[in-house]
Amino acid sequence: MLILPRFYSTSTTARLETRARQLGLRLGIAYGEGDRCDRYFIVSVNGKKLERMIPLGWTGTEAEEALVQYAKDFHSSK
């Protein structure tokens, strides 16, 4: 049976959102839990909900590393 993912905020998503602000980004980050999903995602950028969420990582540490790389890529593309 397929379990549909649920997305919610945790203390880690709050920490990642704070880290994103330190990197000059305003991101919404959620934790997805469900069938083959348990990971962190970027769900919005500058208050705009994304059509396709951007996966960050399976753990808080992986997610933070991916977030730093995302910020570098984001700022270099401007």
# chains A, B, ... in the order shown; residues from 1 in each chain; ligands from 1
>>> residues_around(residues="A:Ser44", least_positions_apart="6", cutoff="8 Å", atoms="only C-alpha atoms", output="PyMOL selection string")
chain A and resi 27-29+50+53
>>> select_by_dssp(residues="chain A", states="helix (DSSP H, G or I)", output="VMD selection string")
chain A and resid 11 to 22 60 to 76
>>> write_last_selection(atoms="C-alpha atoms", output="compact mmCIF listing (two decimals), in the first residue's frame")
# COMPACT_ATOMS: atom_id res chain seq x y z
CA SER A 11 12.88 22.29 14.87
CA THR A 12 15.32 21.25 12.13
CA THR A 13 13.27 22.91 9.37
CA ALA A 14 13.18 26.10 11.47
CA ARG A 15 16.96 25.93 11.89
CA LEU A 16 17.41 25.41 8.14
CA GLU A 17 15.15 28.38 7.36
CA THR A 18 17.22 30.52 9.74
CA ARG A 19 20.41 29.30 8.04
CA ALA A 20 18.90 30.21 4.66
CA ARG A 21 18.24 33.77 5.89
CA GLN A 22 21.87 33.98 7.00
CA GLY A 60 19.56 17.68 8.90
CA THR A 61 23.31 17.71 8.23
CA GLU A 62 22.87 16.64 4.59
CA ALA A 63 20.10 19.20 4.18
CA GLU A 64 22.27 22.02 5.52
CA GLU A 65 25.15 21.09 3.20
CA ALA A 66 22.77 21.05 0.22
CA LEU A 67 21.26 24.35 1.37
CA VAL A 68 24.67 26.03 1.37
CA GLN A 69 25.31 24.73 -2.15
CA TYR A 70 21.84 25.88 -3.28
CA ALA A 71 22.57 29.38 -1.94
CA LYS A 72 25.90 29.52 -3.79
CA ASP A 73 24.23 28.42 -7.03
CA PHE A 74 21.32 30.82 -6.51
CA HIS A 75 23.55 33.84 -5.95
CA SER A 76 25.94 32.97 -8.79
>>> select_by_dssp(residues="chain A", states="strand (DSSP E or B)", output="ChimeraX atom specification")
/A:6-8,27-33,39-45,48-57
>>> write_last_selection(atoms="C-alpha atoms", output="mmCIF file, in the first residue's frame")
data_model
loop_
_atom_site.group_PDB
_atom_site.id
_atom_site.type_symbol
_atom_site.label_atom_id
_atom_site.label_comp_id
_atom_site.auth_asym_id
_atom_site.auth_seq_id
_atom_site.Cartn_x
_atom_site.Cartn_y
_atom_site.Cartn_z
ATOM 1 C CA ARG A 6 2.887 14.348 4.805
ATOM 2 C CA PHE A 7 4.880 17.555 5.018
ATOM 3 C CA TYR A 8 5.428 19.465 8.211
ATOM 4 C CA LEU A 27 13.057 29.842 1.894
ATOM 5 C CA GLY A 28 10.239 27.678 3.156
ATOM 6 C CA ILE A 29 11.559 24.277 4.161
ATOM 7 C CA ALA A 30 9.482 21.257 5.105
ATOM 8 C CA TYR A 31 10.121 17.707 6.178
ATOM 9 C CA GLY A 32 8.344 15.088 4.079
ATOM 10 C CA GLU A 33 7.410 11.801 5.662
ATOM 11 C CA ARG A 39 13.711 13.948 3.671
ATOM 12 C CA TYR A 40 13.906 17.740 3.762
ATOM 13 C CA PHE A 41 12.657 19.896 0.881
ATOM 14 C CA ILE A 42 12.623 23.538 -0.189
ATOM 15 C CA VAL A 43 8.924 24.243 -0.699
ATOM 16 C CA SER A 44 8.974 28.007 -1.350
ATOM 17 C CA VAL A 45 11.387 30.735 -2.415
ATOM 18 C CA LYS A 48 6.324 31.846 -3.657
ATOM 19 C CA LYS A 49 5.327 28.184 -3.419
ATOM 20 C CA LEU A 50 7.298 25.994 -5.812
ATOM 21 C CA GLU A 51 5.529 23.753 -8.304
ATOM 22 C CA ARG A 52 8.246 21.134 -7.763
ATOM 23 C CA MET A 53 9.880 20.877 -4.368
ATOM 24 C CA ILE A 54 13.677 20.805 -4.242
ATOM 25 C CA PRO A 55 15.043 17.894 -2.195
ATOM 26 C CA LEU A 56 17.787 18.848 0.254
ATOM 27 C CA GLY A 57 18.766 15.675 2.061
#
